[in-house]
Structures are given as structure tokens and as C-alpha cells.
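**Q** Here you go, coords19.txt (compact mmCIF, N, CA and C atoms and all ligand atoms):
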```
# COMPACT_ATOMS: atom_id res chain seq x y z
N MET A 1 86.57 80.99 97.55
CA MET A 1 86.70 82.06 98.55
C MET A 1 87.70 83.10 98.06
N LYS A 2 87.36 84.36 98.19
CA LYS A 2 88.26 85.41 97.72
C LYS A 2 89.57 85.37 98.50
N LYS A 3 90.66 85.79 97.80
CA LYS A 3 91.98 85.77 98.42
C LYS A 3 91.98 86.56 99.75
N GLU A 4 91.30 87.72 99.70
CA GLU A 4 91.28 88.60 100.88
C GLU A 4 90.68 87.87 102.08
N LEU A 5 89.57 87.17 101.81
CA LEU A 5 88.86 86.50 102.89
C LEU A 5 89.71 85.35 103.44
N CYS A 6 90.39 84.61 102.55
CA CYS A 6 91.28 83.52 102.99
C CYS A 6 92.31 84.07 103.95
N ARG A 7 92.91 85.17 103.56
CA ARG A 7 93.97 85.77 104.36
C ARG A 7 93.44 86.17 105.73
N MET A 8 92.25 86.78 105.73
CA MET A 8 91.70 87.24 106.99
C MET A 8 91.34 86.06 107.88
N THR A 9 90.81 85.01 107.26
CA THR A 9 90.41 83.86 108.04
C THR A 9 91.63 83.24 108.70
N ARG A 10 92.72 83.20 107.94
CA ARG A 10 93.95 82.65 108.48
C ARG A 10 94.46 83.50 109.63
N ASN A 11 94.46 84.80 109.42
CA ASN A 11 95.05 85.68 110.42
C ASN A 11 94.18 85.82 111.67
N ASN A 12 92.92 86.12 111.45
CA ASN A 12 92.10 86.46 112.60
C ASN A 12 90.65 86.59 112.16
N LEU A 13 89.81 85.68 112.64
CA LEU A 13 88.41 85.71 112.22
C LEU A 13 87.72 87.03 112.54
N ARG A 14 88.14 87.66 113.62
CA ARG A 14 87.56 88.93 114.04
C ARG A 14 87.62 89.97 112.91
N GLU A 15 88.63 89.83 112.05
CA GLU A 15 88.84 90.84 111.02
C GLU A 15 87.77 90.83 109.94
N VAL A 16 86.99 89.75 109.81
CA VAL A 16 85.91 89.74 108.81
C VAL A 16 84.95 90.88 109.14
N GLY A 17 84.62 90.99 110.43
CA GLY A 17 83.79 92.11 110.87
C GLY A 17 84.50 93.44 110.70
N ASP A 18 85.78 93.46 111.04
CA ASP A 18 86.55 94.70 110.97
C ASP A 18 86.52 95.30 109.57
N LEU A 19 86.60 94.42 108.56
CA LEU A 19 86.68 94.91 107.19
C LEU A 19 85.44 95.72 106.82
N ASN A 20 84.27 95.25 107.28
CA ASN A 20 83.04 95.98 106.97
C ASN A 20 82.95 97.29 107.72
N ASP A 21 83.45 97.28 108.95
CA ASP A 21 83.31 98.45 109.81
C ASP A 21 84.49 99.40 109.71
N CYS A 22 85.59 98.97 109.13
CA CYS A 22 86.84 99.72 109.22
C CYS A 22 86.73 101.10 108.56
N LEU A 23 87.06 102.12 109.35
CA LEU A 23 86.98 103.50 108.88
C LEU A 23 87.85 103.73 107.64
N PHE A 24 89.08 103.23 107.67
CA PHE A 24 89.97 103.51 106.55
C PHE A 24 89.62 102.67 105.32
N CYS A 25 89.01 101.48 105.51
CA CYS A 25 88.47 100.75 104.36
C CYS A 25 87.35 101.57 103.72
N LYS A 26 86.53 102.20 104.55
CA LYS A 26 85.43 103.01 104.01
C LYS A 26 85.97 104.21 103.25
N ILE A 27 87.04 104.81 103.78
CA ILE A 27 87.67 105.93 103.06
C ILE A 27 88.25 105.42 101.74
N ALA A 28 88.89 104.24 101.77
CA ALA A 28 89.48 103.68 100.54
C ALA A 28 88.40 103.37 99.51
N ARG A 29 87.21 102.99 99.98
CA ARG A 29 86.10 102.68 99.06
C ARG A 29 85.30 103.93 98.70
N LYS A 30 85.73 105.08 99.23
CA LYS A 30 85.10 106.39 98.98
C LYS A 30 83.67 106.46 99.57
N GLU A 31 83.44 105.68 100.62
CA GLU A 31 82.14 105.75 101.29
C GLU A 31 82.13 106.88 102.32
N ILE A 32 83.33 107.30 102.73
CA ILE A 32 83.50 108.42 103.66
C ILE A 32 84.48 109.38 102.98
N PRO A 33 84.16 110.69 102.99
CA PRO A 33 85.06 111.63 102.30
C PRO A 33 86.37 111.82 103.05
N ALA A 34 87.40 112.12 102.29
CA ALA A 34 88.70 112.43 102.88
C ALA A 34 89.40 113.40 101.93
N ASP A 35 90.38 114.11 102.48
CA ASP A 35 91.16 115.05 101.68
C ASP A 35 92.34 114.26 101.10
N ILE A 36 92.10 113.67 99.95
CA ILE A 36 93.07 112.74 99.34
C ILE A 36 94.18 113.51 98.64
N VAL A 37 95.42 113.15 98.95
CA VAL A 37 96.56 113.82 98.31
C VAL A 37 97.30 112.90 97.34
N TYR A 38 97.02 111.61 97.41
CA TYR A 38 97.65 110.66 96.47
C TYR A 38 96.82 109.39 96.44
N GLU A 39 96.72 108.82 95.23
CA GLU A 39 96.01 107.54 95.11
C GLU A 39 96.56 106.76 93.92
N ASP A 40 96.71 105.45 94.11
CA ASP A 40 96.92 104.55 92.98
C ASP A 40 96.13 103.28 93.27
N ASP A 41 96.40 102.22 92.53
CA ASP A 41 95.58 101.01 92.69
C ASP A 41 95.66 100.41 94.09
N ASP A 42 96.81 100.57 94.74
CA ASP A 42 97.06 99.85 96.00
C ASP A 42 97.18 100.73 97.23
N VAL A 43 97.45 102.00 97.02
CA VAL A 43 97.79 102.89 98.14
C VAL A 43 96.97 104.18 98.05
N LEU A 44 96.60 104.68 99.23
CA LEU A 44 95.87 105.95 99.32
C LEU A 44 96.55 106.80 100.39
N ALA A 45 96.61 108.10 100.15
CA ALA A 45 97.14 109.03 101.16
C ALA A 45 96.17 110.19 101.29
N PHE A 46 95.86 110.54 102.54
CA PHE A 46 94.89 111.61 102.79
C PHE A 46 95.30 112.37 104.05
N ARG A 47 94.84 113.61 104.14
CA ARG A 47 95.22 114.44 105.28
C ARG A 47 94.50 113.97 106.55
N ASP A 48 95.25 113.96 107.65
CA ASP A 48 94.66 113.58 108.94
C ASP A 48 93.61 114.62 109.34
N ILE A 49 92.51 114.13 109.86
CA ILE A 49 91.39 115.01 110.24
C ILE A 49 91.74 115.88 111.46
N ARG A 50 92.68 115.41 112.28
CA ARG A 50 93.14 116.19 113.44
C ARG A 50 94.66 116.36 113.34
N PRO A 51 95.09 117.26 112.44
CA PRO A 51 96.53 117.34 112.15
C PRO A 51 97.36 117.75 113.36
N GLN A 52 98.49 117.08 113.54
CA GLN A 52 99.42 117.36 114.64
C GLN A 52 100.64 118.16 114.15
N ALA A 53 100.62 118.53 112.90
CA ALA A 53 101.71 119.30 112.30
C ALA A 53 101.14 119.94 111.04
N PRO A 54 101.81 120.99 110.52
CA PRO A 54 101.29 121.63 109.30
C PRO A 54 101.06 120.62 108.16
N VAL A 55 101.96 119.67 108.02
CA VAL A 55 101.70 118.55 107.11
C VAL A 55 101.49 117.31 107.96
N HIS A 56 100.33 116.72 107.85
CA HIS A 56 100.03 115.47 108.56
C HIS A 56 99.15 114.63 107.63
N VAL A 57 99.80 113.68 107.01
CA VAL A 57 99.14 112.84 106.01
C VAL A 57 99.21 111.39 106.49
N LEU A 58 98.17 110.65 106.20
CA LEU A 58 98.15 109.21 106.50
C LEU A 58 98.26 108.45 105.19
N VAL A 59 99.20 107.51 105.13
CA VAL A 59 99.39 106.70 103.93
C VAL A 59 98.97 105.27 104.28
N ILE A 60 98.05 104.73 103.51
CA ILE A 60 97.50 103.40 103.83
C ILE A 60 97.55 102.48 102.60
N PRO A 61 97.69 101.16 102.87
CA PRO A 61 97.37 100.22 101.79
C PRO A 61 95.85 100.17 101.68
N LYS A 62 95.32 100.06 100.47
CA LYS A 62 93.86 99.99 100.35
C LYS A 62 93.34 98.68 100.93
N ARG A 63 94.13 97.63 100.80
CA ARG A 63 93.74 96.32 101.35
C ARG A 63 93.84 96.37 102.87
N HIS A 64 92.88 95.77 103.52
CA HIS A 64 92.85 95.83 104.98
C HIS A 64 93.96 94.99 105.61
N ILE A 65 94.81 95.65 106.36
CA ILE A 65 95.78 95.00 107.25
C ILE A 65 95.60 95.72 108.57
N ALA A 66 95.37 94.99 109.65
CA ALA A 66 94.98 95.65 110.90
C ALA A 66 96.11 96.47 111.51
N SER A 67 97.31 95.91 111.54
CA SER A 67 98.40 96.63 112.22
C SER A 67 99.74 96.08 111.77
N LEU A 68 100.80 96.74 112.21
CA LEU A 68 102.16 96.28 111.90
C LEU A 68 102.37 94.84 112.40
N ALA A 69 101.73 94.52 113.51
CA ALA A 69 101.89 93.19 114.10
C ALA A 69 101.25 92.10 113.25
N ASP A 70 100.39 92.49 112.32
CA ASP A 70 99.70 91.51 111.48
C ASP A 70 100.37 91.30 110.12
N LEU A 71 101.49 91.98 109.89
CA LEU A 71 102.13 91.87 108.57
C LEU A 71 102.61 90.44 108.31
N THR A 72 102.49 90.03 107.05
CA THR A 72 103.04 88.75 106.61
C THR A 72 103.91 89.01 105.38
N GLN A 73 104.57 87.95 104.92
CA GLN A 73 105.40 88.04 103.72
C GLN A 73 104.65 88.67 102.56
N GLU A 74 103.35 88.35 102.47
CA GLU A 74 102.51 88.85 101.37
C GLU A 74 102.43 90.37 101.34
N ASP A 75 102.70 90.99 102.47
CA ASP A 75 102.49 92.45 102.58
C ASP A 75 103.73 93.26 102.26
N LYS A 76 104.86 92.58 101.99
CA LYS A 76 106.10 93.36 101.90
C LYS A 76 106.10 94.30 100.70
N ASP A 77 105.49 93.91 99.59
CA ASP A 77 105.48 94.81 98.44
C ASP A 77 104.62 96.03 98.73
N VAL A 78 103.45 95.80 99.25
CA VAL A 78 102.56 96.95 99.46
C VAL A 78 103.11 97.88 100.54
N MET A 79 103.78 97.32 101.57
CA MET A 79 104.34 98.21 102.61
C MET A 79 105.58 98.95 102.10
N GLY A 80 106.32 98.31 101.18
CA GLY A 80 107.40 99.04 100.52
C GLY A 80 106.84 100.18 99.69
N HIS A 81 105.73 99.91 99.06
CA HIS A 81 105.05 100.92 98.24
C HIS A 81 104.54 102.08 99.12
N VAL A 82 103.93 101.73 100.26
CA VAL A 82 103.47 102.76 101.20
C VAL A 82 104.65 103.67 101.60
N THR A 83 105.79 103.06 101.88
CA THR A 83 106.97 103.83 102.31
C THR A 83 107.47 104.75 101.19
N LEU A 84 107.48 104.22 99.99
CA LEU A 84 107.91 105.03 98.84
C LEU A 84 106.97 106.21 98.61
N VAL A 85 105.66 105.97 98.75
CA VAL A 85 104.69 107.06 98.59
C VAL A 85 104.93 108.13 99.66
N ALA A 86 105.18 107.70 100.90
CA ALA A 86 105.45 108.68 101.97
C ALA A 86 106.68 109.51 101.63
N SER A 87 107.71 108.88 101.13
CA SER A 87 108.94 109.59 100.77
C SER A 87 108.68 110.61 99.66
N ARG A 88 107.93 110.19 98.65
CA ARG A 88 107.62 111.12 97.54
C ARG A 88 106.73 112.26 98.01
N LEU A 89 105.76 111.94 98.87
CA LEU A 89 104.85 113.00 99.35
C LEU A 89 105.59 114.02 100.20
N ALA A 90 106.56 113.56 100.98
CA ALA A 90 107.35 114.50 101.80
C ALA A 90 108.00 115.53 100.87
N ARG A 91 108.51 115.06 99.77
CA ARG A 91 109.13 115.99 98.80
C ARG A 91 108.04 116.87 98.16
N ASP A 92 106.96 116.26 97.70
CA ASP A 92 105.92 117.01 96.98
C ASP A 92 105.21 118.02 97.88
N LEU A 93 105.11 117.70 99.17
CA LEU A 93 104.41 118.60 100.09
C LEU A 93 105.36 119.58 100.76
N GLY A 94 106.62 119.54 100.37
CA GLY A 94 107.57 120.58 100.76
C GLY A 94 108.18 120.43 102.14
N VAL A 95 108.26 119.19 102.65
CA VAL A 95 108.84 119.01 103.99
C VAL A 95 110.10 118.14 103.95
N SER A 96 110.73 118.04 102.80
CA SER A 96 111.85 117.11 102.69
C SER A 96 113.06 117.52 103.53
N GLU A 97 113.05 118.74 104.07
CA GLU A 97 114.16 119.17 104.97
C GLU A 97 114.13 118.40 106.29
N GLY A 98 112.95 117.93 106.67
CA GLY A 98 112.85 117.19 107.94
C GLY A 98 111.41 116.79 108.18
N TYR A 99 111.21 115.52 108.37
CA TYR A 99 109.85 115.03 108.63
C TYR A 99 109.97 113.71 109.38
N ARG A 100 108.83 113.24 109.84
CA ARG A 100 108.84 111.97 110.58
C ARG A 100 107.75 111.07 110.02
N VAL A 101 108.05 109.79 109.93
CA VAL A 101 107.00 108.81 109.63
C VAL A 101 106.84 107.93 110.87
N VAL A 102 105.59 107.66 111.18
CA VAL A 102 105.27 106.91 112.41
C VAL A 102 104.20 105.88 112.08
N ILE A 103 104.40 104.68 112.58
CA ILE A 103 103.32 103.68 112.57
C ILE A 103 103.07 103.29 114.01
N ASN A 104 101.95 103.71 114.56
CA ASN A 104 101.58 103.27 115.90
C ASN A 104 101.05 101.85 115.81
N CYS A 105 101.53 100.99 116.68
CA CYS A 105 101.10 99.58 116.65
C CYS A 105 100.55 99.19 118.02
N GLY A 106 99.26 98.99 118.08
CA GLY A 106 98.63 98.54 119.31
C GLY A 106 98.15 99.70 120.18
N LYS A 107 97.22 99.37 121.05
CA LYS A 107 96.58 100.40 121.89
C LYS A 107 97.58 101.18 122.73
N ASP A 108 98.54 100.48 123.33
CA ASP A 108 99.50 101.15 124.21
C ASP A 108 100.36 102.17 123.46
N ALA A 109 100.50 101.97 122.16
CA ALA A 109 101.27 102.91 121.35
C ALA A 109 100.38 104.00 120.75
N GLY A 110 99.09 103.96 121.09
CA GLY A 110 98.18 105.01 120.62
C GLY A 110 97.48 104.68 119.32
N GLN A 111 97.57 103.43 118.85
CA GLN A 111 96.83 103.12 117.62
C GLN A 111 95.33 103.15 117.92
N SER A 112 94.63 103.97 117.16
CA SER A 112 93.19 104.10 117.38
C SER A 112 92.38 103.59 116.19
N VAL A 113 93.00 103.50 115.03
CA VAL A 113 92.32 102.95 113.85
C VAL A 113 93.09 101.70 113.44
N PHE A 114 92.40 100.56 113.47
CA PHE A 114 93.07 99.28 113.24
C PHE A 114 93.02 98.89 111.76
N HIS A 115 93.55 99.80 110.96
CA HIS A 115 93.89 99.58 109.54
C HIS A 115 95.24 100.26 109.42
N ILE A 116 96.26 99.48 109.13
CA ILE A 116 97.63 100.01 109.21
C ILE A 116 97.77 101.31 108.42
N HIS A 117 98.47 102.28 109.02
CA HIS A 117 98.67 103.58 108.37
C HIS A 117 99.99 104.16 108.81
N MET A 118 100.62 104.83 107.89
CA MET A 118 101.87 105.52 108.18
C MET A 118 101.54 107.00 108.29
N HIS A 119 101.84 107.59 109.46
CA HIS A 119 101.69 109.04 109.60
C HIS A 119 102.91 109.69 108.97
N LEU A 120 102.70 110.71 108.17
CA LEU A 120 103.78 111.55 107.66
C LEU A 120 103.57 112.93 108.26
N LEU A 121 104.53 113.34 109.11
CA LEU A 121 104.40 114.60 109.86
C LEU A 121 105.56 115.51 109.51
N GLY A 122 105.27 116.76 109.23
CA GLY A 122 106.35 117.70 108.93
C GLY A 122 105.83 119.13 108.91
N GLY A 123 106.76 120.04 108.71
CA GLY A 123 106.39 121.45 108.64
C GLY A 123 106.57 122.18 109.96
N ARG A 124 107.07 121.49 110.97
CA ARG A 124 107.45 122.13 112.24
C ARG A 124 108.57 121.29 112.84
N SER A 125 109.24 121.84 113.85
CA SER A 125 110.28 121.01 114.46
C SER A 125 109.61 119.97 115.37
N LEU A 126 110.14 118.76 115.33
CA LEU A 126 109.48 117.64 116.02
C LEU A 126 110.37 117.17 117.17
N GLY A 127 109.80 117.11 118.34
CA GLY A 127 110.57 116.71 119.53
C GLY A 127 110.89 115.23 119.56
N TRP A 128 111.92 114.88 120.32
CA TRP A 128 112.27 113.48 120.51
C TRP A 128 112.75 113.30 121.93
N PRO A 129 112.41 112.28 122.69
CA PRO A 129 111.54 111.18 122.24
C PRO A 129 110.08 111.59 122.16
N PRO A 130 109.30 110.89 121.35
CA PRO A 130 107.85 111.19 121.29
C PRO A 130 107.19 110.79 122.60
N GLY A 131 106.08 111.38 122.90
CA GLY A 131 105.38 111.09 124.15
C GLY A 131 104.71 109.74 124.14
P1 LIG A 201 96.44 106.23 115.15
O1 LIG A 201 96.05 106.87 116.43
O2 LIG A 201 97.92 106.03 114.93
O3 LIG A 201 95.64 104.96 114.90
O4 LIG A 201 96.03 107.27 114.01
C1 LIG A 201 94.73 107.39 113.53
C2 LIG A 201 94.63 108.74 112.92
O5 LIG A 201 93.48 108.78 112.10
C3 LIG A 201 94.50 109.88 113.93
O6 LIG A 201 95.59 110.78 113.78
C4 LIG A 201 93.17 110.52 113.58
O7 LIG A 201 93.18 111.91 113.73
C5 LIG A 201 92.99 110.08 112.14
N1 LIG A 201 91.62 110.04 111.67
C6 LIG A 201 90.54 109.50 112.32
N2 LIG A 201 89.44 109.61 111.54
C7 LIG A 201 89.85 110.20 110.38
C8 LIG A 201 89.17 110.58 109.18
N3 LIG A 201 87.85 110.37 109.00
N4 LIG A 201 89.89 111.18 108.21
C9 LIG A 201 91.21 111.42 108.37
N5 LIG A 201 91.90 111.08 109.48
C10 LIG A 201 91.22 110.48 110.47
```
Just dump the structure as C-alpha cells.
**A**
Amino acid sequence: MKKELCRMTRNNLREVGDLNDCLFCKIARKEIPADIVYEDDDVLAFRDIRPQAPVHVLVIPKRHIASLADLTQEDKDVMGHVTLVASRLARDLGVSEGYRVVINCGKDAGQSVFHIHMHLLGGRSLGWPPG
């Protein structure tokens, strides 16, 4: 059994279906187009289709992880990598003076795509607290 499938079976059987249907897995596999701003073997970053700021990029691990609540020890390297990519992109996209990274976790927090993603928002002043 592939490592990925073992992990999913352990975490949540529902995710076997999710992997096939997952929008961001499809983007990672290039089955759906996206405006990609960064890619390596493990991480992909692309512009949000409904931007909430002049810079609004989503940074994802290519491997399917449903949400922050599903993270395990195995994910710490890739999530560190996601964070580093967000930091570099903020500089490369010219928003290093001030930006926000957000991970919505769960429906009540507004998570609508259940493949973990870090929003990188910048290029305008951002209010606090968020709505
Ligand atoms: P969240 O609500 O935190 O789960 O964020 C999901 C984000 O994905 C939203 O900001 C959407 O606008 C964005 N989104 C949905 N579909 C696409 C797509 N095909 N390409 C790029 N961004 C998308």
C-alpha cells in the first residue's frame, strides 16, 4: 500500500474520496489551471481566484492534508517549507512591509477547500480583528 494511502487510512477513511475530488490536488496535478507563482517538488503557490487583496496567494503542500487539525509529526517539514515559501513570496511579490498569512481551519473559520492552504495577503492595509 502506498505511503499516502496508509496515512489517509489511518487519519480518516473519508479522505480517500477527498483525494480524488480535491480541488487543490487537481491544481497540484495540473488537471485544473491556476496562476502559479512558485513550485517545487513539495509545495505549490498560486494566486487566489477571488483575491481579497492586491496580493492574495495560496501556498499548499502538494500532498493532500485536509486541514490544520489533521497535521501529524510527519507534516512538520512540509509545513515549515510552506511557511518559508510564504515568507519568500512576500518579499518577491513586494509586500514585505506588511502582510498577513492565514490558515482557516474548519467550516466555522471559513475553510471552504479541505486541502490545507496558507493565504498570503498583502498590498493594502489589513484590519484587525478579522471578521
Ligand atoms: P478557504 O476559504 O480558507 O478554504 O480558502 C479557499 C480559497 O480558495 C478561497 O479564497 C477561494 O477564493 C480560493 N479558490 C477556490 N477555487 C480556486 C481556484 N480554482 N483557484 C484559485 N483559488 C481558488
**Q** For atom CA of Leu120 of chain A and atom O3 of ligand LIG 201 (chain A), quote the distance in Å rounded to one decimal.
**A**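 Rounded to one decimal, the two atoms are 12.7 Å apart.
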**Q** Set the cut-off to 12 Å, count only C-alpha atoms and all ligand atoms, and list whatever residues fall near ligand LIG 201 (chain A) as a short mmCIF file (atom, residue, chain, number, x, y, z; two decimals) with N, CA and C atoms, keeping the file's coordinate frame.
**A**
```cif
data_model
loop_
_atom_site.label_atom_id
_atom_site.label_comp_id
_atom_site.auth_asym_id
_atom_site.auth_seq_id
_atom_site.Cartn_x
_atom_site.Cartn_y
_atom_site.Cartn_z
N CYS A 22 85.59 98.97 109.13
CA CYS A 22 86.84 99.72 109.22
C CYS A 22 86.73 101.10 108.56
N LEU A 23 87.06 102.12 109.35
CA LEU A 23 86.98 103.50 108.88
C LEU A 23 87.85 103.73 107.64
N PHE A 24 89.08 103.23 107.67
CA PHE A 24 89.97 103.51 106.55
C PHE A 24 89.62 102.67 105.32
N CYS A 25 89.01 101.48 105.51
CA CYS A 25 88.47 100.75 104.36
C CYS A 25 87.35 101.57 103.72
N LYS A 26 86.53 102.20 104.55
CA LYS A 26 85.43 103.01 104.01
C LYS A 26 85.97 104.21 103.25
N ILE A 27 87.04 104.81 103.78
CA ILE A 27 87.67 105.93 103.06
C ILE A 27 88.25 105.42 101.74
N ALA A 28 88.89 104.24 101.77
CA ALA A 28 89.48 103.68 100.54
C ALA A 28 88.40 103.37 99.51
N LYS A 30 85.73 105.08 99.23
CA LYS A 30 85.10 106.39 98.98
C LYS A 30 83.67 106.46 99.57
N GLU A 31 83.44 105.68 100.62
CA GLU A 31 82.14 105.75 101.29
C GLU A 31 82.13 106.88 102.32
N ILE A 32 83.33 107.30 102.73
CA ILE A 32 83.50 108.42 103.66
C ILE A 32 84.48 109.38 102.98
N PRO A 33 84.16 110.69 102.99
CA PRO A 33 85.06 111.63 102.30
C PRO A 33 86.37 111.82 103.05
N ALA A 34 87.40 112.12 102.29
CA ALA A 34 88.70 112.43 102.88
C ALA A 34 89.40 113.40 101.93
N ASP A 35 90.38 114.11 102.48
CA ASP A 35 91.16 115.05 101.68
C ASP A 35 92.34 114.26 101.10
N ILE A 36 92.10 113.67 99.95
CA ILE A 36 93.07 112.74 99.34
C ILE A 36 94.18 113.51 98.64
N VAL A 37 95.42 113.15 98.95
CA VAL A 37 96.56 113.82 98.31
C VAL A 37 97.30 112.90 97.34
N LEU A 44 96.60 104.68 99.23
CA LEU A 44 95.87 105.95 99.32
C LEU A 44 96.55 106.80 100.39
N ALA A 45 96.61 108.10 100.15
CA ALA A 45 97.14 109.03 101.16
C ALA A 45 96.17 110.19 101.29
N PHE A 46 95.86 110.54 102.54
CA PHE A 46 94.89 111.61 102.79
C PHE A 46 95.30 112.37 104.05
N ARG A 47 94.84 113.61 104.14
CA ARG A 47 95.22 114.44 105.28
C ARG A 47 94.50 113.97 106.55
N ASP A 48 95.25 113.96 107.65
CA ASP A 48 94.66 113.58 108.94
C ASP A 48 93.61 114.62 109.34
N ILE A 49 92.51 114.13 109.86
CA ILE A 49 91.39 115.01 110.24
C ILE A 49 91.74 115.88 111.46
N ARG A 50 92.68 115.41 112.28
CA ARG A 50 93.14 116.19 113.44
C ARG A 50 94.66 116.36 113.34
N PRO A 51 95.09 117.26 112.44
CA PRO A 51 96.53 117.34 112.15
C PRO A 51 97.36 117.75 113.36
N GLN A 52 98.49 117.08 113.54
CA GLN A 52 99.42 117.36 114.64
C GLN A 52 100.64 118.16 114.15
N ALA A 53 100.62 118.53 112.90
CA ALA A 53 101.71 119.30 112.30
C ALA A 53 101.14 119.94 111.04
N VAL A 55 101.96 119.67 108.02
CA VAL A 55 101.70 118.55 107.11
C VAL A 55 101.49 117.31 107.96
N HIS A 56 100.33 116.72 107.85
CA HIS A 56 100.03 115.47 108.56
C HIS A 56 99.15 114.63 107.63
N VAL A 57 99.80 113.68 107.01
CA VAL A 57 99.14 112.84 106.01
C VAL A 57 99.21 111.39 106.49
N LEU A 58 98.17 110.65 106.20
CA LEU A 58 98.15 109.21 106.50
C LEU A 58 98.26 108.45 105.19
N VAL A 59 99.20 107.51 105.13
CA VAL A 59 99.39 106.70 103.93
C VAL A 59 98.97 105.27 104.28
N ILE A 60 98.05 104.73 103.51
CA ILE A 60 97.50 103.40 103.83
C ILE A 60 97.55 102.48 102.60
N ALA A 66 95.37 94.99 109.65
CA ALA A 66 94.98 95.65 110.90
C ALA A 66 96.11 96.47 111.51
N SER A 67 97.31 95.91 111.54
CA SER A 67 98.40 96.63 112.22
C SER A 67 99.74 96.08 111.77
N LEU A 68 100.80 96.74 112.21
CA LEU A 68 102.16 96.28 111.90
C LEU A 68 102.37 94.84 112.40
N VAL A 101 108.05 109.79 109.93
CA VAL A 101 107.00 108.81 109.63
C VAL A 101 106.84 107.93 110.87
N VAL A 102 105.59 107.66 111.18
CA VAL A 102 105.27 106.91 112.41
C VAL A 102 104.20 105.88 112.08
N ILE A 103 104.40 104.68 112.58
CA ILE A 103 103.32 103.68 112.57
C ILE A 103 103.07 103.29 114.01
N ASN A 104 101.95 103.71 114.56
CA ASN A 104 101.58 103.27 115.90
C ASN A 104 101.05 101.85 115.81
N CYS A 105 101.53 100.99 116.68
CA CYS A 105 101.10 99.58 116.65
C CYS A 105 100.55 99.19 118.02
N GLY A 106 99.26 98.99 118.08
CA GLY A 106 98.63 98.54 119.31
C GLY A 106 98.15 99.70 120.18
N LYS A 107 97.22 99.37 121.05
CA LYS A 107 96.58 100.40 121.89
C LYS A 107 97.58 101.18 122.73
N ASP A 108 98.54 100.48 123.33
CA ASP A 108 99.50 101.15 124.21
C ASP A 108 100.36 102.17 123.46
N ALA A 109 100.50 101.97 122.16
CA ALA A 109 101.27 102.91 121.35
C ALA A 109 100.38 104.00 120.75
N GLY A 110 99.09 103.96 121.09
CA GLY A 110 98.18 105.01 120.62
C GLY A 110 97.48 104.68 119.32
N GLN A 111 97.57 103.43 118.85
CA GLN A 111 96.83 103.12 117.62
C GLN A 111 95.33 103.15 117.92
N SER A 112 94.63 103.97 117.16
CA SER A 112 93.19 104.10 117.38
C SER A 112 92.38 103.59 116.19
N VAL A 113 93.00 103.50 115.03
CA VAL A 113 92.32 102.95 113.85
C VAL A 113 93.09 101.70 113.44
N PHE A 114 92.40 100.56 113.47
CA PHE A 114 93.07 99.28 113.24
C PHE A 114 93.02 98.89 111.76
N HIS A 115 93.55 99.80 110.96
CA HIS A 115 93.89 99.58 109.54
C HIS A 115 95.24 100.26 109.42
N ILE A 116 96.26 99.48 109.13
CA ILE A 116 97.63 100.01 109.21
C ILE A 116 97.77 101.31 108.42
N HIS A 117 98.47 102.28 109.02
CA HIS A 117 98.67 103.58 108.37
C HIS A 117 99.99 104.16 108.81
N MET A 118 100.62 104.83 107.89
CA MET A 118 101.87 105.52 108.18
C MET A 118 101.54 107.00 108.29
N HIS A 119 101.84 107.59 109.46
CA HIS A 119 101.69 109.04 109.60
C HIS A 119 102.91 109.69 108.97
N LEU A 120 102.70 110.71 108.17
CA LEU A 120 103.78 111.55 107.66
C LEU A 120 103.57 112.93 108.26
N LEU A 121 104.53 113.34 109.11
CA LEU A 121 104.40 114.60 109.86
C LEU A 121 105.56 115.51 109.51
#
```
**Q** So which one's closest to Glu97 of chain A, A:Thr83, A:Pro129, A:Gly123, A:Asn20? Using only N, CA and C atoms, please.
**A**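 Closest to Glu97 of chain A of all the choices is A:Gly123.
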**Q** Apply DSSP to the structure's backbone, then extract all residues of segment 50-109 of chain A labelled strand (DSSP E or B) and return them as an MDAnalysis selection string.
**A** chainID A and resid 55:61 99:102
**Q** Could you save those same residues with N, CA and C atoms as a PDB file, in the frame of the given file?
**A**
```
ATOM      1  N   VAL A  55     101.960 119.670 108.020  1.00  0.00           N
ATOM      2  CA  VAL A  55     101.700 118.550 107.110  1.00  0.00           C
ATOM      3  C   VAL A  55     101.490 117.310 107.960  1.00  0.00           C
ATOM      4  N   HIS A  56     100.330 116.720 107.850  1.00  0.00           N
ATOM      5  CA  HIS A  56     100.030 115.470 108.560  1.00  0.00           C
ATOM      6  C   HIS A  56      99.150 114.630 107.630  1.00  0.00           C
ATOM      7  N   VAL A  57      99.800 113.680 107.010  1.00  0.00           N
ATOM      8  CA  VAL A  57      99.140 112.840 106.010  1.00  0.00           C
ATOM      9  C   VAL A  57      99.210 111.390 106.490  1.00  0.00           C
ATOM     10  N   LEU A  58      98.170 110.650 106.200  1.00  0.00           N
ATOM     11  CA  LEU A  58      98.150 109.210 106.500  1.00  0.00           C
ATOM     12  C   LEU A  58      98.260 108.450 105.190  1.00  0.00           C
ATOM     13  N   VAL A  59      99.200 107.510 105.130  1.00  0.00           N
ATOM     14  CA  VAL A  59      99.390 106.700 103.930  1.00  0.00           C
ATOM     15  C   VAL A  59      98.970 105.270 104.280  1.00  0.00           C
ATOM     16  N   ILE A  60      98.050 104.730 103.510  1.00  0.00           N
ATOM     17  CA  ILE A  60      97.500 103.400 103.830  1.00  0.00           C
ATOM     18  C   ILE A  60      97.550 102.480 102.600  1.00  0.00           C
ATOM     19  N   PRO A  61      97.690 101.160 102.870  1.00  0.00           N
ATOM     20  CA  PRO A  61      97.370 100.220 101.790  1.00  0.00           C
ATOM     21  C   PRO A  61      95.850 100.170 101.680  1.00  0.00           C
ATOM     22  N   TYR A  99     111.210 115.520 108.370  1.00  0.00           N
ATOM     23  CA  TYR A  99     109.850 115.030 108.630  1.00  0.00           C
ATOM     24  C   TYR A  99     109.970 113.710 109.380  1.00  0.00           C
ATOM     25  N   ARG A 100     108.830 113.240 109.840  1.00  0.00           N
ATOM     26  CA  ARG A 100     108.840 111.970 110.580  1.00  0.00           C
ATOM     27  C   ARG A 100     107.750 111.070 110.020  1.00  0.00           C
ATOM     28  N   VAL A 101     108.050 109.790 109.930  1.00  0.00           N
ATOM     29  CA  VAL A 101     107.000 108.810 109.630  1.00  0.00           C
ATOM     30  C   VAL A 101     106.840 107.930 110.870  1.00  0.00           C
ATOM     31  N   VAL A 102     105.590 107.660 111.180  1.00  0.00           N
ATOM     32  CA  VAL A 102     105.270 106.910 112.410  1.00  0.00           C
ATOM     33  C   VAL A 102     104.200 105.880 112.080  1.00  0.00           C
TER      34      VAL A 102
END
```
**Q** One decimal, Å: what's the distance from atom N of Pro61 of chain A over to atom CA of Val82 of chain A, could you say?
**A**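 Straight-line distance from atom N of Pro61 of chain A to atom CA of Val82 of chain A works out to 6.2 Å.
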**Q** Restricting the calculation to only C-alpha atoms, which member of A:Asp21, A:Arg124, A:His81, A:Asp75 is positioned closest to Val95 of chain A?
**A**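 Ranking A:Asp21, A:Arg124, A:His81, A:Asp75 by distance to Val95 of chain A, first place goes to A:Arg124.
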**Q** Report, in Å with one decimal, the straight-line distance from atom CA of Asp41 of chain A to atom CA of Val78 of chain A.
**A**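 One can read the atom CA of Asp41 of chain A to atom CA of Val78 of chain A distance as 10.5 Å.
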